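Below is the file start-v4.json, which contains JSON, C-alpha atoms and all ligand atoms.
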[["chain", "number", "residue", "atom", "x", "y", "z"],
["A", 294, "MET", "CA", 5.47, -36.22, 61.92],
["A", 295, "VAL", "CA", 4.57, -32.56, 62.32],
["A", 296, "GLN", "CA", 8.08, -31.61, 61.36],
["A", 297, "GLY", "CA", 7.97, -33.79, 58.27],
["A", 298, "PHE", "CA", 4.70, -32.21, 57.19],
["A", 299, "SER", "CA", 6.02, -28.67, 57.40],
["A", 300, "ARG", "CA", 9.12, -29.66, 55.47],
["A", 301, "GLN", "CA", 6.91, -30.95, 52.70],
["A", 302, "ARG", "CA", 5.04, -27.65, 52.69],
["A", 303, "LYS", "CA", 8.26, -25.73, 52.44],
["A", 304, "ILE", "CA", 9.23, -27.78, 49.43],
["A", 305, "SER", "CA", 5.93, -27.23, 47.65],
["A", 306, "VAL", "CA", 5.95, -23.48, 48.38],
["A", 307, "GLY", "CA", 9.48, -23.37, 47.02],
["A", 308, "LEU", "CA", 8.37, -25.27, 43.95],
["A", 309, "ILE", "CA", 5.50, -22.90, 43.28],
["A", 310, "LEU", "CA", 7.78, -19.90, 43.70],
["A", 311, "ALA", "CA", 10.30, -21.43, 41.31],
["A", 312, "LEU", "CA", 7.58, -22.02, 38.73],
["A", 313, "LEU", "CA", 6.39, -18.44, 39.06],
["A", 314, "MET", "CA", 9.93, -17.14, 38.65],
["A", 315, "PHE", "CA", 10.43, -19.33, 35.62],
["A", 316, "GLY", "CA", 7.20, -18.03, 34.14],
["A", 317, "MET", "CA", 8.20, -14.43, 34.66],
["A", 318, "ILE", "CA", 11.65, -14.90, 33.18],
["A", 319, "ALA", "CA", 10.25, -16.77, 30.20],
["A", 320, "GLU", "CA", 7.72, -14.00, 29.66],
["A", 321, "VAL", "CA", 10.41, -11.33, 29.57],
["A", 322, "TRP", "CA", 12.69, -13.43, 27.43],
["A", 323, "ALA", "CA", 9.95, -14.04, 24.85],
["A", 324, "GLY", "CA", 9.56, -10.32, 24.24],
["A", 325, "PRO", "CA", 6.36, -8.31, 23.84],
["A", 326, "PRO", "CA", 3.30, -10.36, 22.91],
["A", 327, "MET", "CA", 2.18, -10.50, 19.30],
["A", 328, "GLY", "CA", -1.14, -8.94, 20.21],
["A", 329, "HIS", "CA", -4.11, -9.81, 18.10],
["A", 330, "GLY", "CA", -5.08, -6.22, 17.54],
["A", 331, "ARG", "CA", -1.58, -5.19, 16.68],
["A", 332, "ARG", "CA", -1.05, -7.80, 14.04],
["A", 333, "HIS", "CA", -4.31, -7.03, 12.37],
["A", 334, "HIS", "CA", -3.68, -3.33, 12.50],
["A", 335, "MET", "CA", -0.32, -3.76, 10.76],
["A", 336, "ARG", "CA", -1.91, -5.92, 8.11],
["A", 337, "ASP", "CA", -4.69, -3.50, 7.57],
["A", 338, "TYR", "CA", -2.63, -0.62, 6.53],
["A", 339, "ARG", "CA", 0.55, -2.23, 5.30],
["A", 340, "GLY", "CA", -1.18, -4.42, 2.76],
["A", 341, "HIS", "CA", -2.85, -7.79, 2.90],
["A", 342, "HIS", "CA", -2.12, -11.27, 1.65],
["A", 343, "GLY", "CA", -0.97, -11.18, -1.93],
["A", 344, "GLN", "CA", -1.21, -7.44, -2.22],
["A", 345, "GLY", "CA", 2.47, -6.73, -2.46],
["A", 346, "PHE", "CA", 5.13, -5.46, -0.15],
["A", 347, "ALA", "CA", 4.75, -3.26, 2.85],
["A", 348, "GLY", "CA", 6.61, -0.04, 3.45],
["A", 349, "ASP", "CA", 6.81, 3.38, 1.91],
["A", 350, "GLY", "CA", 8.43, 2.40, -1.38],
["A", 351, "PHE", "CA", 11.20, 4.25, -3.19],
["A", 352, "CYS", "CA", 11.15, 8.01, -3.00],
["A", 353, "PRO", "CA", 12.02, 10.23, -4.79],
["A", 354, "GLN", "CA", 11.50, 8.16, -7.89],
["A", 355, "VAL", "CA", 13.38, 8.64, -11.14],
["A", 356, "ARG", "CA", 10.69, 9.52, -13.66],
["A", 357, "ALA", "CA", 11.17, 9.46, -17.44],
["A", 358, "THR", "CA", 7.52, 9.13, -18.47],
["A", 359, "ALA", "CA", 6.44, 10.73, -21.74],
["A", 360, "GLN", "CA", 4.64, 14.03, -21.33],
["A", 361, "ALA", "CA", 0.98, 14.40, -22.19],
["A", 362, "PRO", "CA", 0.03, 17.01, -24.83],
["A", 363, "ASP", "CA", -0.25, 20.47, -23.23],
["A", 364, "ASP", "CA", -4.02, 20.81, -23.44],
["A", 365, "ILE", "CA", -4.57, 17.51, -21.63],
["A", 366, "ARG", "CA", -1.72, 18.00, -19.20],
["A", 367, "ASN", "CA", -3.15, 21.33, -18.05],
["A", 368, "GLN", "CA", -6.68, 20.09, -17.68],
["A", 369, "PRO", "CA", -7.82, 20.13, -14.06],
["A", 370, "ASN", "CA", -9.83, 17.27, -12.59],
["A", 371, "PRO", "CA", -13.48, 18.12, -13.40],
["A", 372, "LEU", "CA", -14.83, 16.05, -10.48],
["A", 373, "GLU", "CA", -15.12, 17.08, -6.85],
["A", 374, "PRO", "CA", -13.22, 14.75, -4.52],
["A", 375, "SER", "CA", -16.48, 13.68, -2.88],
["A", 376, "ARG", "CA", -16.80, 10.45, -0.94],
["A", 377, "GLU", "CA", -18.55, 8.84, -3.90],
["A", 378, "THR", "CA", -15.77, 9.85, -6.25],
["A", 379, "LEU", "CA", -13.06, 8.53, -3.95],
["A", 380, "TYR", "CA", -14.99, 5.35, -3.32],
["A", 381, "GLY", "CA", -15.39, 4.84, -7.06],
["A", 382, "GLY", "CA", -11.69, 5.42, -7.61],
["A", 383, "GLU", "CA", -10.77, 3.04, -4.82],
["A", 384, "SER", "CA", -12.97, 0.24, -6.16],
["A", 385, "LEU", "CA", -11.46, 0.58, -9.62],
["A", 386, "PHE", "CA", -7.88, 0.78, -8.38],
["A", 387, "GLN", "CA", -8.16, -2.10, -5.94],
["A", 388, "GLY", "CA", -10.08, -4.55, -8.06],
["A", 389, "ASP", "CA", -12.67, -3.62, -10.63],
["A", 390, "VAL", "CA", -10.43, -2.57, -13.50],
["A", 391, "GLN", "CA", -9.96, -5.08, -16.34],
["A", 392, "PRO", "CA", -7.78, -6.93, -17.22],
["A", 393, "VAL", "CA", -5.54, -6.25, -14.17],
["A", 394, "ALA", "CA", -6.22, -4.13, -11.13],
["A", 395, "CYS", "CA", -3.83, -1.24, -10.56],
["A", 396, "LYS", "CA", -2.87, -2.60, -7.15],
["A", 397, "ILE", "CA", -1.24, -5.65, -8.73],
["A", 398, "CYS", "CA", 1.61, -3.38, -9.82],
["A", 399, "HIS", "CA", 1.16, -0.20, -7.81],
["A", 400, "GLY", "CA", 0.43, -1.97, -4.51],
["A", 401, "ALA", "CA", -2.71, -1.82, -2.39],
["A", 402, "ASN", "CA", -1.30, 1.18, -0.54],
["A", 403, "GLY", "CA", 0.00, 2.86, -3.69],
["A", 404, "ASN", "CA", 3.67, 2.43, -2.78],
["A", 405, "GLY", "CA", 4.60, 0.97, -6.17],
["A", 406, "LEU", "CA", 5.44, -2.43, -4.70],
["A", 407, "GLY", "CA", 2.55, -4.60, -5.89],
["A", 408, "ILE", "CA", 3.02, -8.32, -6.46],
["A", 409, "MET", "CA", 3.76, -7.80, -10.16],
["A", 410, "ALA", "CA", 6.15, -4.92, -9.58],
["A", 411, "GLN", "CA", 9.22, -7.08, -9.22],
["A", 412, "GLY", "CA", 11.22, -7.13, -12.41],
["A", 413, "LEU", "CA", 9.48, -4.13, -13.96],
["A", 414, "ASN", "CA", 11.93, -1.53, -15.16],
["A", 415, "PRO", "CA", 11.07, 1.30, -14.85],
["A", 416, "PRO", "CA", 9.19, 0.40, -11.67],
["A", 417, "PRO", "CA", 5.53, 1.29, -11.14],
["A", 418, "ARG", "CA", 4.92, 4.79, -9.84],
["A", 419, "ASN", "CA", 4.92, 5.17, -6.06],
["A", 420, "PHE", "CA", 1.83, 7.33, -5.53],
["A", 421, "GLY", "CA", 2.79, 7.84, -1.92],
["A", 422, "CYS", "CA", 5.91, 9.74, -2.93],
["A", 423, "GLN", "CA", 4.93, 13.38, -2.56],
["A", 424, "GLU", "CA", 8.23, 14.59, -3.98],
["A", 425, "THR", "CA", 7.66, 12.87, -7.31],
["A", 426, "MET", "CA", 3.89, 13.18, -7.43],
["A", 427, "GLN", "CA", 3.77, 16.92, -6.91],
["A", 428, "GLU", "CA", 5.46, 17.41, -10.27],
["A", 429, "VAL", "CA", 2.83, 15.39, -12.10],
["A", 430, "SER", "CA", -0.42, 17.13, -13.05],
["A", 431, "ASP", "CA", -3.88, 15.58, -12.91],
["A", 432, "GLY", "CA", -4.14, 15.75, -16.69],
["A", 433, "GLN", "CA", -0.84, 13.90, -17.03],
["A", 434, "LEU", "CA", -2.09, 11.10, -14.75],
["A", 435, "PHE", "CA", -5.29, 10.94, -16.77],
["A", 436, "TRP", "CA", -3.43, 10.68, -20.06],
["A", 437, "ILE", "CA", -1.10, 7.89, -18.94],
["A", 438, "ILE", "CA", -3.97, 5.85, -17.48],
["A", 439, "ARG", "CA", -5.83, 6.11, -20.79],
["A", 440, "ASN", "CA", -2.83, 5.54, -23.09],
["A", 441, "GLY", "CA", -0.30, 3.67, -20.97],
["A", 442, "SER", "CA", 3.40, 4.43, -20.95],
["A", 443, "PRO", "CA", 4.82, 2.75, -24.07],
["A", 444, "GLY", "CA", 7.97, 0.72, -23.52],
["A", 445, "THR", "CA", 7.15, 0.20, -19.83],
["A", 446, "GLY", "CA", 4.91, -2.17, -17.88],
["A", 447, "MET", "CA", 2.17, 0.47, -17.65],
["A", 448, "PRO", "CA", -0.72, -0.71, -19.85],
["A", 449, "ALA", "CA", -3.30, 1.47, -21.56],
["A", 450, "PHE", "CA", -6.79, 1.37, -20.06],
["A", 451, "LYS", "CA", -8.80, 2.24, -23.15],
["A", 452, "ASP", "CA", -12.07, 0.84, -21.81],
["A", 453, "LEU", "CA", -12.30, 3.22, -18.86],
["A", 454, "ASP", "CA", -14.54, 6.19, -19.58],
["A", 455, "ASP", "CA", -13.34, 9.70, -18.67],
["A", 456, "ARG", "CA", -15.35, 9.83, -15.48],
["A", 457, "LYS", "CA", -13.83, 6.66, -14.10],
["A", 458, "ILE", "CA", -10.30, 7.81, -14.89],
["A", 459, "TRP", "CA", -10.89, 11.13, -13.11],
["A", 460, "GLN", "CA", -12.23, 9.20, -10.11],
["A", 461, "ILE", "CA", -9.04, 7.17, -10.03],
["A", 462, "VAL", "CA", -6.92, 10.34, -10.31],
["A", 463, "HIS", "CA", -8.57, 11.73, -7.17],
["A", 464, "TYR", "CA", -7.97, 8.44, -5.41],
["A", 465, "LEU", "CA", -4.27, 8.39, -6.42],
["A", 466, "ARG", "CA", -3.80, 11.86, -4.91],
["A", 467, "GLN", "CA", -4.91, 10.53, -1.55],
["A", 468, "PHE", "CA", -1.81, 8.38, -1.21],
["A", 469, "SER", "CA", 0.51, 11.38, -0.99],
["A", 470, "GLN", "CA", -1.64, 13.45, 1.32],
["A", 471, "PRO", "CA", 0.04, 14.02, 4.67],
["A", 472, "GLY", "CA", -1.32, 11.74, 7.37],
["A", 473, "LYS", "CA", -2.80, 9.30, 4.88],
["A", 474, "LYS", "CA", -1.31, 5.85, 4.97],
["A", 501, "LIG", "C1", 1.31, -4.44, -15.13],
["A", 501, "LIG", "C2", 1.71, -3.40, -14.18],
["A", 501, "LIG", "C3", 0.86, -2.16, -14.07],
["A", 501, "LIG", "C4", -0.50, -2.07, -13.92],
["A", 501, "LIG", "C5", -1.53, -3.18, -13.88],
["A", 501, "LIG", "C6", -0.79, -0.67, -13.78],
["A", 501, "LIG", "N1", 0.35, 0.07, -13.85],
["A", 501, "LIG", "FE1", 0.50, 2.08, -13.75],
["A", 501, "LIG", "N2", 2.48, 1.98, -14.03],
["A", 501, "LIG", "C7", 3.20, 0.82, -14.18],
["A", 501, "LIG", "C8", 4.59, 1.15, -14.46],
["A", 501, "LIG", "C9", 5.72, 0.18, -14.69],
["A", 501, "LIG", "C10", 4.67, 2.56, -14.44],
["A", 501, "LIG", "C11", 5.90, 3.43, -14.71],
["A", 501, "LIG", "C12", 5.84, 3.94, -16.13],
["A", 501, "LIG", "C13", 6.88, 4.96, -16.44],
["A", 501, "LIG", "O1", 7.84, 5.11, -15.68],
["A", 501, "LIG", "O2", 6.71, 5.64, -17.47],
["A", 501, "LIG", "C14", 3.34, 3.03, -14.18],
["A", 501, "LIG", "C15", 3.01, 4.36, -14.10],
["A", 501, "LIG", "C16", 1.76, 4.85, -13.80],
["A", 501, "LIG", "C17", 1.45, 6.24, -13.66],
["A", 501, "LIG", "C18", 2.45, 7.40, -13.75],
["A", 501, "LIG", "C19", 2.19, 8.43, -14.80],
["A", 501, "LIG", "C20", 3.24, 9.50, -14.78],
["A", 501, "LIG", "O3", 3.16, 10.37, -15.66],
["A", 501, "LIG", "O4", 4.12, 9.53, -13.93],
["A", 501, "LIG", "C21", 0.11, 6.32, -13.37],
["A", 501, "LIG", "C22", -0.72, 7.55, -13.12],
["A", 501, "LIG", "C23", -0.40, 4.96, -13.34],
["A", 501, "LIG", "N3", 0.64, 4.10, -13.63],
["A", 501, "LIG", "C24", -1.69, 4.63, -13.02],
["A", 501, "LIG", "C25", -2.18, 3.34, -13.07],
["A", 501, "LIG", "C26", -3.56, 3.00, -12.84],
["A", 501, "LIG", "C27", -4.62, 3.98, -12.42],
["A", 501, "LIG", "C28", -3.67, 1.67, -13.03],
["A", 501, "LIG", "C29", -4.94, 0.84, -13.00],
["A", 501, "LIG", "C30", -6.07, 1.35, -13.75],
["A", 501, "LIG", "C31", -2.35, 1.16, -13.36],
["A", 501, "LIG", "N4", -1.48, 2.20, -13.36],
["A", 501, "LIG", "C32", -2.06, -0.17, -13.60],
["A", 501, "LIG", "C33", 2.72, -0.46, -14.12],
["A", 501, "LIG", "C34", 1.38, -0.80, -14.02]]

Can the structure in the file be given as structure tokens, please?
Ligand code: HEC
Amino acid sequence: MVQGFSRQRKISVGLILALLMFGMIAEVWAGPPMGHGRRHHMRDYRGHHGQGFAGDGFCPQVRATAQAPDDIRNQPNPLEPSRETLYGGESLFQGDVQPVACKICHGANGNGLGIMAQGLNPPPRNFGCQETMQEVSDGQLFWIIRNGSPGTGMPAFKDLDDRKIWQIVHYLRQFSQPGKK
């Protein structure tokens, strides 16, 4: 009787150990957990639902955009890159601009891979590409936003007043600043 009891205990201890081992092996086999924080973090800065594709985009980018007239091309941005200016630019870029927000083509993180980018040739500018962007002046950006790039998918935004366009230009510059993602 006593013997039988201890044999039963041995079996149940063995069973518990086996379950623990199984759990540990399964845990390792399943790989690192998809942590809540991690997934949200990735989403946060790599784009959100319906905001296009993640990643850094194509860089350097072939650029054959028409050049703005000299006087406009050489015009510096008259606004200070204050928080208000950048916030204004961000709101316009990400949603407020009519009829389509810039992010639809240029991507929420400026990488040129927005949801409407597929099939556009030439592709939307990747504002995160320092190599290409450093050759493009503020005045040039201004001019293309106002007038579009004829023969490409880039529409003209005639309804934006100067101030709003300059706000956007400051915001676009942010994408290619080191450390900004
Ligand atoms: C329907 C798609 C689409 C939308 C919406 C769009 N763009 Fe573009 N954008 C493009 C394409 C395509 C190009 C590439 C044009 C080219 O290569 O000449 C481009 C190019 C540009 C350039 C590059 C100018 C240069 O000289 O290199 C700027 C700046 C720009 N877009 C700003 C904006 C801003 C700001 C908005 C929103 C107010 C916007 N775009 C909305 C498609 C779009």

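Among the candidates A:Thr358, A:Gln368, A:Thr425, A:Thr378, the residue lying nearest to ligand LIG 501 (chain A) is A:Thr358 (atoms considered: only C-alpha atoms and all ligand atoms).
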
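Within 7 Å of the point (6.3, -6.1, -6.3), counting only C-alpha atoms, the protein and nucleic acid residues come to Gly345, Phe346, Cys398, Leu406, Gly407, Ile408, Met409, Ala410 and Gln411 of chain A.
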
Exercise answer, 6 Å around ligand LIG 501 (chain A) with only C-alpha atoms and all ligand atoms, as a PyMOL selection string: chain A and resi 356-358+386+390+393-395+397-398+413+415-418+433-434+437-438+442+445-447+461

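Separating atom CA of Leu465 of chain A from atom CA of Glu383 of chain A is a distance of 8.6 Å.
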
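For the set A:Leu385, A:Asp364, A:Leu310, A:Ile304, the residue with the smallest atom-to-atom gap to Asp454 of chain A is A:Leu385, counting only C-alpha atoms.
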
What does the distance from atom CA of Gln387 of chain A to atom CA of Asp363 of chain A come to in Å, to one decimal? 29.5 Å

Pick from A:Trp436, A:Phe420, A:Trp459, A:Tyr464, whichever lies nearest to Tyr380 of chain A using only C-alpha atoms: A:Tyr464

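Take atom CA of Asn419 of chain A and atom CA of Pro448 of chain A: the distance between them is 16.0 Å.
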
Go through A:Gly348, A:His463, A:Gln470, A:Ile365 and flag the residue nearest Leu379 of chain A, using all atoms listed in the file for the distances. A:His463

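Proximity of A:Phe435, A:Pro392, A:Pro353, A:Gly412 to Asp452 of chain A, computed with all atoms listed in the file, is greatest for A:Pro392.
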
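The smallest atom-to-atom distance between Asn402 of chain A and any of A:Ala347, A:Pro471, A:Leu372, A:Ala311, using all atoms listed in the file, is found for A:Ala347.
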
Please provide the set of residues having any atom within 8 Å of Arg439 of chain A, restricted to only C-alpha atoms, with same-chain residues fewer than 5 positions apart removed, written as a PyMOL selection string. chain A and resi 449-451+453+458

First collect every listed atom of segment 434-447 of chain A; then fit an axis-aligned box around them, widen it by 3 Å on each side, and give centre and edge lengths in Å to one decimal, as JSON.
{"center_x": 1.1, "center_y": 4.5, "center_z": -19.4, "size_x": 19.8, "size_y": 19.3, "size_z": 15.3}
